[in-house]
$ cat query-v1.pdb   # PDB, C-alpha atoms and all ligand atoms
ATOM      1  CA  MET A   1      43.644  30.160  74.921
ATOM      2  CA  ARG A   2      43.639  33.933  74.697
ATOM      3  CA  VAL A   3      43.630  36.177  77.753
ATOM      4  CA  LEU A   4      43.037  39.905  77.543
ATOM      5  CA  LEU A   5      44.111  42.077  80.464
ATOM      6  CA  TYR A   6      42.635  45.433  81.287
ATOM      7  CA  PHE A   7      42.769  48.013  84.086
ATOM      8  CA  PRO A   8      42.897  51.791  84.034
ATOM      9  CA  GLY A   9      46.178  53.496  84.896
ATOM     10  CA  ASP A  10      49.835  52.623  84.445
ATOM     11  CA  GLY A  11      51.610  49.318  84.244
ATOM     12  CA  LEU A  12      49.199  47.341  82.074
ATOM     13  CA  GLU A  13      51.972  46.050  79.775
ATOM     14  CA  ARG A  14      54.089  45.011  82.769
ATOM     15  CA  TRP A  15      51.178  43.147  84.341
ATOM     16  CA  ALA A  16      50.427  41.458  81.011
ATOM     17  CA  SER A  17      54.043  40.234  80.749
ATOM     18  CA  ALA A  18      53.875  38.933  84.319
ATOM     19  CA  LEU A  19      50.616  37.096  83.574
ATOM     20  CA  ALA A  20      52.091  35.680  80.344
ATOM     21  CA  ALA A  21      55.016  34.279  82.340
ATOM     22  CA  LEU A  22      52.576  32.546  84.689
ATOM     23  CA  LEU A  23      50.454  31.183  81.811
ATOM     24  CA  PRO A  24      52.937  30.080  79.141
ATOM     25  CA  GLU A  25      50.210  28.047  77.424
ATOM     26  CA  ALA A  26      48.167  31.215  76.793
ATOM     27  CA  GLU A  27      48.425  34.173  74.493
ATOM     28  CA  VAL A  28      48.161  37.165  76.811
ATOM     29  CA  ARG A  29      47.557  40.681  75.558
ATOM     30  CA  ALA A  30      47.063  44.081  77.173
ATOM     31  CA  TRP A  31      43.882  45.820  75.990
ATOM     32  CA  SER A  32      44.334  48.691  73.592
ATOM     33  CA  ALA A  33      41.390  50.740  72.362
ATOM     34  CA  ASP A  34      43.041  50.959  68.929
ATOM     35  CA  ALA A  35      43.735  47.252  68.397
ATOM     36  CA  PRO A  36      41.283  45.013  66.518
ATOM     37  CA  ALA A  37      39.290  42.357  68.385
ATOM     38  CA  PHE A  38      41.528  39.746  70.036
ATOM     39  CA  GLN A  39      38.838  37.040  70.268
ATOM     40  CA  ALA A  40      39.707  36.625  73.929
ATOM     41  CA  ASP A  41      38.513  33.554  75.806
ATOM     42  CA  TYR A  42      39.144  35.188  79.153
ATOM     43  CA  ILE A  43      39.227  38.751  80.412
ATOM     44  CA  ALA A  44      41.222  39.607  83.509
ATOM     45  CA  GLY A  45      41.132  43.066  84.947
ATOM     46  CA  PHE A  46      39.346  45.842  86.679
ATOM     47  CA  ARG A  47      36.959  48.593  85.496
ATOM     48  CA  PRO A  48      36.925  47.482  81.851
ATOM     49  CA  PRO A  49      35.567  50.021  79.378
ATOM     50  CA  PRO A  50      32.131  49.043  77.969
ATOM     51  CA  GLU A  51      33.563  48.928  74.421
ATOM     52  CA  LEU A  52      35.795  46.024  75.431
ATOM     53  CA  PHE A  53      32.768  43.728  75.593
ATOM     54  CA  ASP A  54      31.341  45.215  72.396
ATOM     55  CA  ARG A  55      34.461  44.080  70.638
ATOM     56  CA  GLU A  56      35.189  40.802  72.438
ATOM     57  CA  LYS A  57      32.221  38.578  71.741
ATOM     58  CA  HIS A  58      33.568  35.137  72.713
ATOM     59  CA  VAL A  59      34.457  35.742  76.331
ATOM     60  CA  ARG A  60      34.057  32.586  78.414
ATOM     61  CA  ALA A  61      34.755  34.092  81.828
ATOM     62  CA  VAL A  62      35.843  37.328  83.487
ATOM     63  CA  PHE A  63      38.381  37.430  86.324
ATOM     64  CA  ASN A  64      37.996  40.585  88.371
ATOM     65  CA  LEU A  65      41.372  41.875  89.606
ATOM     66  CA  ALA A  66      39.749  43.169  92.781
ATOM     67  CA  ALA A  67      37.623  41.786  95.570
ATOM     68  CA  GLY A  68      34.777  44.249  94.969
ATOM     69  CA  VAL A  69      32.738  43.613  91.843
ATOM     70  CA  GLU A  70      30.194  46.436  91.721
ATOM     71  CA  THR A  71      31.944  48.126  88.774
ATOM     72  CA  ILE A  72      32.140  44.991  86.620
ATOM     73  CA  LEU A  73      28.506  44.178  87.424
ATOM     74  CA  ALA A  74      27.542  47.655  86.209
ATOM     75  CA  VAL A  75      29.103  47.184  82.739
ATOM     76  CA  PRO A  76      26.029  47.100  80.470
ATOM     77  CA  THR A  77      27.766  45.308  77.582
ATOM     78  CA  LEU A  78      28.831  42.249  79.586
ATOM     79  CA  ASP A  79      26.683  39.240  78.635
ATOM     80  CA  PRO A  80      24.820  38.170  81.812
ATOM     81  CA  SER A  81      25.574  34.506  81.137
ATOM     82  CA  VAL A  82      29.361  35.020  81.345
ATOM     83  CA  PRO A  83      30.649  33.925  84.768
ATOM     84  CA  ILE A  84      32.603  36.440  86.825
ATOM     85  CA  TYR A  85      35.189  35.458  89.415
ATOM     86  CA  ARG A  86      36.628  37.825  91.979
ATOM     87  CA  LEU A  87      39.919  37.946  93.828
ATOM     88  CA  GLU A  88      39.821  36.105  97.124
ATOM     89  CA  ASP A  89      42.149  37.638  99.691
ATOM     90  CA  ALA A  90      45.318  37.563  97.536
ATOM     91  CA  GLY A  91      47.209  39.399 100.264
ATOM     92  CA  MET A  92      44.522  42.030 100.815
ATOM     93  CA  ALA A  93      42.984  40.624 103.998
ATOM     94  CA  GLU A  94      46.192  41.023 105.985
ATOM     95  CA  GLN A  95      46.623  44.620 104.834
ATOM     96  CA  MET A  96      43.047  45.378 105.819
ATOM     97  CA  ALA A  97      43.491  43.736 109.222
ATOM     98  CA  ASP A  98      46.580  45.932 109.785
ATOM     99  CA  TYR A  99      44.630  49.073 108.871
ATOM    100  CA  ALA A 100      41.729  48.168 111.141
ATOM    101  CA  SER A 101      44.047  47.285 114.041
ATOM    102  CA  TYR A 102      45.737  50.656 113.762
ATOM    103  CA  ALA A 103      42.365  52.438 113.901
ATOM    104  CA  VAL A 104      41.122  50.471 116.904
ATOM    105  CA  LEU A 105      44.352  50.855 118.900
ATOM    106  CA  ARG A 106      44.609  54.531 118.001
ATOM    107  CA  TRP A 107      41.217  55.278 119.500
ATOM    108  CA  TYR A 108      41.348  52.772 122.326
ATOM    109  CA  ARG A 109      44.717  54.150 123.525
ATOM    110  CA  ASP A 110      43.704  57.818 122.988
ATOM    111  CA  PHE A 111      46.603  58.569 120.668
ATOM    112  CA  ASP A 112      44.762  61.544 119.137
ATOM    113  CA  ALA A 113      44.225  63.077 122.559
ATOM    114  CA  TYR A 114      47.908  62.476 123.437
ATOM    115  CA  SER A 115      48.954  64.177 120.178
ATOM    116  CA  GLU A 116      46.901  67.223 121.124
ATOM    117  CA  LEU A 117      48.407  67.283 124.615
ATOM    118  CA  ALA A 118      51.900  66.872 123.172
ATOM    119  CA  ALA A 119      51.338  69.770 120.787
ATOM    120  CA  ARG A 120      50.803  71.942 123.876
ATOM    121  CA  GLY A 121      53.710  70.380 125.761
ATOM    122  CA  GLU A 122      51.268  69.122 128.355
ATOM    123  CA  TRP A 123      52.301  66.104 130.450
ATOM    124  CA  LYS A 124      49.031  64.475 131.391
ATOM    125  CA  ARG A 125      48.055  60.850 131.722
ATOM    126  CA  LEU A 126      44.557  59.947 130.565
ATOM    127  CA  LYS A 127      42.397  57.419 132.341
ATOM    128  CA  PRO A 128      42.875  54.054 130.632
ATOM    129  CA  ARG A 129      39.867  52.502 128.944
ATOM    130  CA  ARG A 130      38.885  48.902 129.478
ATOM    131  CA  LYS A 131      38.837  46.506 126.559
ATOM    132  CA  ARG A 132      35.625  44.994 127.805
ATOM    133  CA  ASP A 133      33.974  48.407 127.272
ATOM    134  CA  PHE A 134      35.377  48.687 123.765
ATOM    135  CA  THR A 135      33.499  46.154 121.665
ATOM    136  CA  VAL A 136      34.440  46.230 118.007
ATOM    137  CA  GLY A 137      31.768  45.431 115.421
ATOM    138  CA  VAL A 138      32.770  44.252 111.961
ATOM    139  CA  LEU A 139      30.197  44.681 109.206
ATOM    140  CA  GLY A 140      30.753  41.843 106.760
ATOM    141  CA  LEU A 141      32.437  38.549 107.616
ATOM    142  CA  GLY A 142      33.756  37.504 104.217
ATOM    143  CA  GLU A 143      37.415  37.184 103.187
ATOM    144  CA  MET A 144      38.214  40.683 104.429
ATOM    145  CA  GLY A 145      35.837  41.079 107.373
ATOM    146  CA  GLY A 146      36.644  37.623 108.718
ATOM    147  CA  ALA A 147      40.372  38.422 108.771
ATOM    148  CA  VAL A 148      39.736  41.813 110.374
ATOM    149  CA  ALA A 149      37.498  40.304 113.069
ATOM    150  CA  ARG A 150      39.990  37.556 113.932
ATOM    151  CA  ARG A 151      42.876  40.016 114.152
ATOM    152  CA  ILE A 152      40.995  42.438 116.409
ATOM    153  CA  ALA A 153      39.893  39.523 118.596
ATOM    154  CA  SER A 154      43.533  38.428 118.861
ATOM    155  CA  LEU A 155      44.313  41.875 120.322
ATOM    156  CA  GLY A 156      41.948  41.085 123.187
ATOM    157  CA  PHE A 157      38.908  43.159 122.213
ATOM    158  CA  PRO A 158      35.391  41.767 122.367
ATOM    159  CA  VAL A 159      34.454  41.376 118.681
ATOM    160  CA  ARG A 160      31.107  40.955 117.014
ATOM    161  CA  GLY A 161      30.421  40.488 113.344
ATOM    162  CA  TRP A 162      27.363  41.170 111.227
ATOM    163  CA  SER A 163      26.668  39.353 107.982
ATOM    164  CA  ARG A 164      23.712  38.824 105.658
ATOM    165  CA  THR A 165      23.583  35.102 106.390
ATOM    166  CA  PRO A 166      24.954  33.289 109.478
ATOM    167  CA  ARG A 167      28.752  32.957 109.538
ATOM    168  CA  ALA A 168      30.583  31.252 112.357
ATOM    169  CA  SER A 169      33.972  32.561 113.392
ATOM    170  CA  ALA A 170      35.755  31.522 116.576
ATOM    171  CA  GLY A 171      35.935  34.335 119.104
ATOM    172  CA  VAL A 172      33.487  36.516 117.146
ATOM    173  CA  GLU A 173      29.912  37.025 118.307
ATOM    174  CA  GLY A 174      27.747  36.531 115.244
ATOM    175  CA  PHE A 175      24.786  38.680 114.166
ATOM    176  CA  HIS A 176      23.002  38.194 110.887
ATOM    177  CA  GLY A 177      20.170  39.603 108.863
ATOM    178  CA  THR A 178      18.491  42.991 108.751
ATOM    179  CA  ALA A 179      16.646  42.543 112.046
ATOM    180  CA  SER A 180      19.888  42.047 113.980
ATOM    181  CA  LEU A 181      21.633  45.125 112.587
ATOM    182  CA  ALA A 182      20.283  47.411 115.334
ATOM    183  CA  PRO A 183      21.308  45.127 118.239
ATOM    184  CA  PHE A 184      24.726  44.757 116.566
ATOM    185  CA  LEU A 185      25.211  48.525 116.302
ATOM    186  CA  ILE A 186      23.907  49.292 119.788
ATOM    187  CA  GLY A 187      26.834  47.427 121.357
ATOM    188  CA  SER A 188      29.651  48.478 118.986
ATOM    189  CA  ARG A 189      32.094  51.195 120.119
ATOM    190  CA  VAL A 190      33.859  50.869 116.779
ATOM    191  CA  VAL A 191      32.142  49.795 113.575
ATOM    192  CA  ILE A 192      34.409  48.594 110.776
ATOM    193  CA  ALA A 193      32.646  48.341 107.409
ATOM    194  CA  THR A 194      34.076  45.703 105.072
ATOM    195  CA  LEU A 195      30.890  44.921 103.128
ATOM    196  CA  PRO A 196      30.559  44.799  99.354
ATOM    197  CA  LEU A 197      28.393  47.507  97.829
ATOM    198  CA  THR A 198      25.033  46.051  96.790
ATOM    199  CA  ALA A 199      21.454  47.321  96.618
ATOM    200  CA  GLU A 200      21.036  45.987 100.171
ATOM    201  CA  THR A 201      24.169  47.514 101.682
ATOM    202  CA  ARG A 202      24.082  50.951 100.028
ATOM    203  CA  GLY A 203      23.702  53.562 102.763
ATOM    204  CA  ILE A 204      23.701  50.937 105.543
ATOM    205  CA  LEU A 205      25.560  53.421 107.767
ATOM    206  CA  ASP A 206      23.071  56.262 107.753
ATOM    207  CA  ARG A 207      21.477  58.609 110.279
ATOM    208  CA  ASP A 208      19.524  55.767 111.907
ATOM    209  CA  ALA A 209      22.580  53.534 112.176
ATOM    210  CA  PHE A 210      24.721  56.277 113.748
ATOM    211  CA  ALA A 211      21.901  57.055 116.191
ATOM    212  CA  GLN A 212      22.004  53.426 117.353
ATOM    213  CA  MET A 213      25.738  53.397 117.992
ATOM    214  CA  PRO A 214      26.932  54.419 121.478
ATOM    215  CA  GLN A 215      27.682  58.119 122.060
ATOM    216  CA  GLY A 216      31.348  58.781 121.203
ATOM    217  CA  SER A 217      31.869  55.749 119.010
ATOM    218  CA  TYR A 218      34.046  55.353 115.939
ATOM    219  CA  VAL A 219      33.689  54.325 112.305
ATOM    220  CA  VAL A 220      36.119  52.735 109.857
ATOM    221  CA  ASN A 221      35.161  52.220 106.217
ATOM    222  CA  VAL A 222      37.376  49.934 104.149
ATOM    223  CA  GLY A 223      34.551  48.474 102.032
ATOM    224  CA  ARG A 224      33.016  50.906  99.584
ATOM    225  CA  GLY A 225      32.160  54.579  99.954
ATOM    226  CA  GLY A 226      28.493  54.014  99.207
ATOM    227  CA  LEU A 227      28.055  52.073 102.460
ATOM    228  CA  ILE A 228      28.079  55.398 104.342
ATOM    229  CA  VAL A 229      25.740  58.334 103.850
ATOM    230  CA  GLU A 230      28.446  61.002 104.069
ATOM    231  CA  ARG A 231      26.092  63.857 105.018
ATOM    232  CA  ASP A 232      24.671  61.770 107.874
ATOM    233  CA  LEU A 233      28.213  61.079 109.051
ATOM    234  CA  LEU A 234      28.913  64.814 109.173
ATOM    235  CA  ASP A 235      25.861  65.366 111.384
ATOM    236  CA  ALA A 236      26.872  62.438 113.615
ATOM    237  CA  LEU A 237      30.414  63.851 113.963
ATOM    238  CA  ASP A 238      29.082  67.306 114.759
ATOM    239  CA  SER A 239      26.724  65.968 117.423
ATOM    240  CA  GLY A 240      29.543  63.916 118.993
ATOM    241  CA  ARG A 241      27.661  60.660 118.443
ATOM    242  CA  ILE A 242      30.590  59.632 116.266
ATOM    243  CA  ALA A 243      33.902  60.674 117.817
ATOM    244  CA  GLY A 244      36.114  59.843 114.856
ATOM    245  CA  ALA A 245      36.288  58.120 111.502
ATOM    246  CA  MET A 246      38.972  56.542 109.371
ATOM    247  CA  LEU A 247      37.762  56.354 105.803
ATOM    248  CA  ASP A 248      39.529  54.673 102.916
ATOM    249  CA  VAL A 249      36.697  54.602 100.376
ATOM    250  CA  PHE A 250      34.284  57.289  99.223
ATOM    251  CA  GLU A 251      31.146  57.887  97.240
ATOM    252  CA  THR A 252      33.309  59.808  94.731
ATOM    253  CA  GLU A 253      36.889  58.663  94.109
ATOM    254  CA  PRO A 254      39.302  60.337  93.951
ATOM    255  CA  LEU A 255      37.820  62.355  96.796
ATOM    256  CA  PRO A 256      37.585  65.918  95.385
ATOM    257  CA  PRO A 257      40.271  68.236  96.893
ATOM    258  CA  ASP A 258      37.644  70.594  98.329
ATOM    259  CA  HIS A 259      35.593  67.827 100.001
ATOM    260  CA  TRP A 260      34.773  68.490 103.677
ATOM    261  CA  LEU A 261      36.034  65.032 104.657
ATOM    262  CA  TRP A 262      39.640  66.053 103.917
ATOM    263  CA  ARG A 263      39.408  68.910 106.394
ATOM    264  CA  HIS A 264      37.314  67.494 109.202
ATOM    265  CA  PRO A 265      39.532  67.367 112.331
ATOM    266  CA  ARG A 266      38.143  64.026 113.465
ATOM    267  CA  VAL A 267      38.270  62.277 110.102
ATOM    268  CA  THR A 268      41.318  60.568 108.636
ATOM    269  CA  VAL A 269      41.181  60.053 104.886
ATOM    270  CA  THR A 270      43.304  57.494 103.049
ATOM    271  CA  PRO A 271      43.117  57.148  99.248
ATOM    272  CA  HIS A 272      41.607  53.656  98.778
ATOM    273  CA  ALA A 273      44.887  52.265 100.032
ATOM    274  CA  SER A 274      43.869  50.057 102.969
ATOM    275  CA  ALA A 275      44.385  46.916 100.860
ATOM    276  CA  VAL A 276      46.013  47.286  97.482
ATOM    277  CA  THR A 277      45.942  44.628  94.790
ATOM    278  CA  LEU A 278      49.374  43.001  95.008
ATOM    279  CA  ARG A 279      50.610  42.122  91.546
ATOM    280  CA  ASP A 280      52.334  38.808  92.153
ATOM    281  CA  ALA A 281      49.745  37.354  94.546
ATOM    282  CA  SER A 282      46.807  38.526  92.427
ATOM    283  CA  LEU A 283      48.157  37.362  89.091
ATOM    284  CA  ALA A 284      49.162  33.993  90.549
ATOM    285  CA  GLN A 285      45.594  33.560  91.777
ATOM    286  CA  VAL A 286      44.067  34.703  88.490
ATOM    287  CA  ALA A 287      46.407  32.456  86.449
ATOM    288  CA  ASP A 288      45.377  29.494  88.579
ATOM    289  CA  LYS A 289      41.681  30.292  88.168
ATOM    290  CA  ILE A 290      42.017  30.718  84.392
ATOM    291  CA  ARG A 291      43.827  27.417  84.079
ATOM    292  CA  ARG A 292      41.205  25.600  86.156
ATOM    293  CA  CYS A 293      38.398  27.185  84.218
ATOM    294  CA  HIS A 294      40.000  26.201  80.924
ATOM    295  CA  ARG A 295      40.297  22.590  82.117
ATOM    296  CA  GLY A 296      36.655  22.600  83.178
ATOM    297  CA  GLU A 297      37.561  22.290  86.864
ATOM    298  CA  ALA A 298      35.774  23.952  89.770
ATOM    299  CA  VAL A 299      36.847  27.567  90.306
ATOM    300  CA  SER A 300      36.239  29.401  93.580
ATOM    301  CA  GLY A 301      35.198  33.023  93.972
ATOM    302  CA  ARG A 302      32.315  32.959  91.492
ATOM    303  CA  VAL A 303      30.198  36.062  91.771
ATOM    304  CA  ASP A 304      26.475  35.660  92.315
ATOM    305  CA  ARG A 305      25.069  38.437  90.163
ATOM    306  CA  VAL A 306      21.730  38.521  91.941
ATOM    307  CA  ARG A 307      23.340  38.784  95.370
ATOM    308  CA  GLY A 308      25.785  41.333  93.965
ATOM    309  CA  TYR A 309      29.101  39.919  95.262
TER     310      TYR A 309
HETATM  311  C1  LIG A 401      39.601  46.961  96.118
HETATM  312  O1  LIG A 401      38.947  47.899  96.439
HETATM  313  C2  LIG A 401      39.053  45.694  95.776
HETATM  314  O2  LIG A 401      37.850  45.577  95.625
HETATM  315  O3  LIG A 401      39.842  44.740  95.643
END
$ encode --input "query-v1.pdb" --output "structure tokens" --more "lines below"
Ligand code: GLV
Amino acid sequence: MRVLLYFPGDGLERWASALAALLPEAEVRAWSADAPAFQADYIAGFRPPPELFDREKHVRAVFNLAAGVETILAVPTLDPSVPIYRLEDAGMAEQMADYASYAVLRWYRDFDAYSELAARGEWKRLKPRRKRDFTVGVLGLGEMGGAVARRIASLGFPVRGWSRTPRASAGVEGFHGTASLAPFLIGSRVVIATLPLTAETRGILDRDAFAQMPQGSYVVNVGRGGLIVERDLLDALDSGRIAGAMLDVFETEPLPPDHWLWRHPRVTVTPHASAVTLRDASLAQVADKIRRCHRGEAVSGRVDRVRGY
């Protein structure tokens, strides 16, 4: 079997060697725009260039080296009958749970306010908040959202989760479907977005959503930038409806250096780093999926193209 690996940026050859070591029965190659067609059976990678699928006409399956699949689904040259599989957790869920825990504890324990006081040399104790008044709402209860919700619950916060279809998770109050989005938001002091970007979720955190959240609440986005209407967030920050945001993903990435989000005093920007694709864990998972697929066995993580994730 032939496996072609592609992602933009550095290290492609190194990743290809690592994948070859995990799949000794395969011929593994790193994509090169100058090389002739490889006749690949399987493509593994992220953000493949459209010409890859013009050239490779016998692809049996695509293994997305990321959890989010909106970019692979947007490739116009990919035959719609070719199955796509995405990464499932592969070490990302724990990273995301760490990021979300930091955000929640930072706001719950008033660390920003203490930093401001410290900058003035002011010794002043702030009134403690109560966890029962600090409900955390997690948008999306998949691999990532589920792990985030469980971790925040383990810290003693009341946690609620919203998903498209019902999802049970111990210690997490479940909300599902469009009609329950408003009741979910109304009770969430912190909203953590972990959703995939689909036609249904684009702009889910907009003016109306912020207006439903309690005055002085907080937003974390570790899903995709398009989940938030950035202009509406600016208005919500300026009105005080939203007291702070930690954003890891943006409508435009890299976030342009002159973007207002970099400079807003109540916004923390991180460069799509809340959960990075870990080479060893991801390639081990992809190698296993390729091998199963090649043997005709069931493979988990198949993307439903209509649903969009
Ligand atoms: C990262 O953003 C991913 O989708 O895995």
$ resolve_selection --input "query-v1.pdb" --expression "the PyMOL selection byres (((chain A and resi 174-179) around 7) and not hetatm)" --output "tab-separated table (two decimals) with C-alpha atoms, keeping the file's coordinate frame"
chain	number	residue	atom	x	y	z
A	160	ARG	CA	31.11	40.96	117.01
A	161	GLY	CA	30.42	40.49	113.34
A	162	TRP	CA	27.36	41.17	111.23
A	163	SER	CA	26.67	39.35	107.98
A	164	ARG	CA	23.71	38.82	105.66
A	165	THR	CA	23.58	35.10	106.39
A	166	PRO	CA	24.95	33.29	109.48
A	167	ARG	CA	28.75	32.96	109.54
A	168	ALA	CA	30.58	31.25	112.36
A	172	VAL	CA	33.49	36.52	117.15
A	173	GLU	CA	29.91	37.02	118.31
A	180	SER	CA	19.89	42.05	113.98
A	181	LEU	CA	21.63	45.12	112.59
A	182	ALA	CA	20.28	47.41	115.33
A	184	PHE	CA	24.73	44.76	116.57
$ axis_aligned_box --input "query-v1.pdb" --around "stretch 34-44 of chain A" --padding-each-side "6 Å" --output "AutoDock Vina command-line options"
--center_x 41.1 --center_y 42.3 --center_z 75.0 --size_x 17.2 --size_y 29.4 --size_z 29.0
$ residues_near_ligand --input "query-v1.pdb" --ligand "ligand LIG 401 (chain A)" --cutoff "8 Å" --atoms "all atoms listed in the file" --output "PyMOL selection string"
chain A and resi 65-69+87+92+223-224+272+275-277
$ resolve_selection --input "query-v1.pdb" --expression "the PyMOL selection byres (((chain A and resi 204) around 10) and not hetatm)" --output "ChimeraX atom specification"
/A:139,181,193,195,197,199-203,205-210,226-229
$ closest_residue --input "query-v1.pdb" --among "A:Ala90, A:Ile242, A:Val138, A:Ala149" --to "A:Val191" --atoms "only C-alpha atoms"
A:Val138
$ resolve_selection --input "query-v1.pdb" --expression "the PyMOL selection byres (((chain A and resi 30-41) around 9) and not hetatm)" --output "ChimeraX atom specification"
/A:1-7,12-13,15-17,28-29,42-43,51-52,55-62
$ build_atoms --input "query-v1.pdb" --residues "stretch 248-265 of chain A" --atoms "N, CA and C atoms" --output "compact mmCIF listing (two decimals), keeping the file's coordinate frame"
# COMPACT_ATOMS: atom_id res chain seq x y z
N ASP A 248 38.61 55.01 104.01
CA ASP A 248 39.53 54.67 102.92
C ASP A 248 38.82 54.70 101.57
N VAL A 249 37.49 54.71 101.61
CA VAL A 249 36.70 54.60 100.38
C VAL A 249 35.58 55.64 100.45
N PHE A 250 35.17 56.13 99.27
CA PHE A 250 34.28 57.29 99.22
C PHE A 250 33.27 57.14 98.11
N GLU A 251 32.18 57.88 98.26
CA GLU A 251 31.15 57.89 97.24
C GLU A 251 31.76 58.31 95.90
N THR A 252 32.61 59.36 95.93
CA THR A 252 33.31 59.81 94.73
C THR A 252 34.80 59.62 94.95
N GLU A 253 35.43 58.87 94.04
CA GLU A 253 36.89 58.66 94.11
C GLU A 253 37.51 59.06 92.78
N PRO A 254 38.64 59.77 92.78
CA PRO A 254 39.30 60.34 93.95
C PRO A 254 38.40 61.32 94.69
N LEU A 255 38.57 61.39 96.00
CA LEU A 255 37.82 62.36 96.80
C LEU A 255 38.21 63.76 96.33
N PRO A 256 37.23 64.59 95.91
CA PRO A 256 37.58 65.92 95.38
C PRO A 256 38.37 66.73 96.42
N PRO A 257 39.39 67.52 95.96
CA PRO A 257 40.27 68.24 96.89
C PRO A 257 39.53 69.16 97.85
N ASP A 258 38.35 69.66 97.44
CA ASP A 258 37.64 70.59 98.33
C ASP A 258 36.59 69.88 99.19
N HIS A 259 36.62 68.56 99.24
CA HIS A 259 35.59 67.83 100.00
C HIS A 259 35.79 68.05 101.51
N TRP A 260 34.68 68.21 102.23
CA TRP A 260 34.77 68.49 103.68
C TRP A 260 35.49 67.38 104.43
N LEU A 261 35.41 66.15 103.92
CA LEU A 261 36.03 65.03 104.66
C LEU A 261 37.55 65.21 104.81
N TRP A 262 38.19 65.82 103.81
CA TRP A 262 39.64 66.05 103.92
C TRP A 262 39.97 66.94 105.11
N ARG A 263 39.08 67.87 105.41
CA ARG A 263 39.41 68.91 106.39
C ARG A 263 38.84 68.66 107.78
N HIS A 264 37.95 67.69 107.89
CA HIS A 264 37.31 67.49 109.20
C HIS A 264 38.35 67.02 110.23
N PRO A 265 38.46 67.70 111.39
CA PRO A 265 39.53 67.37 112.33
C PRO A 265 39.43 65.96 112.91
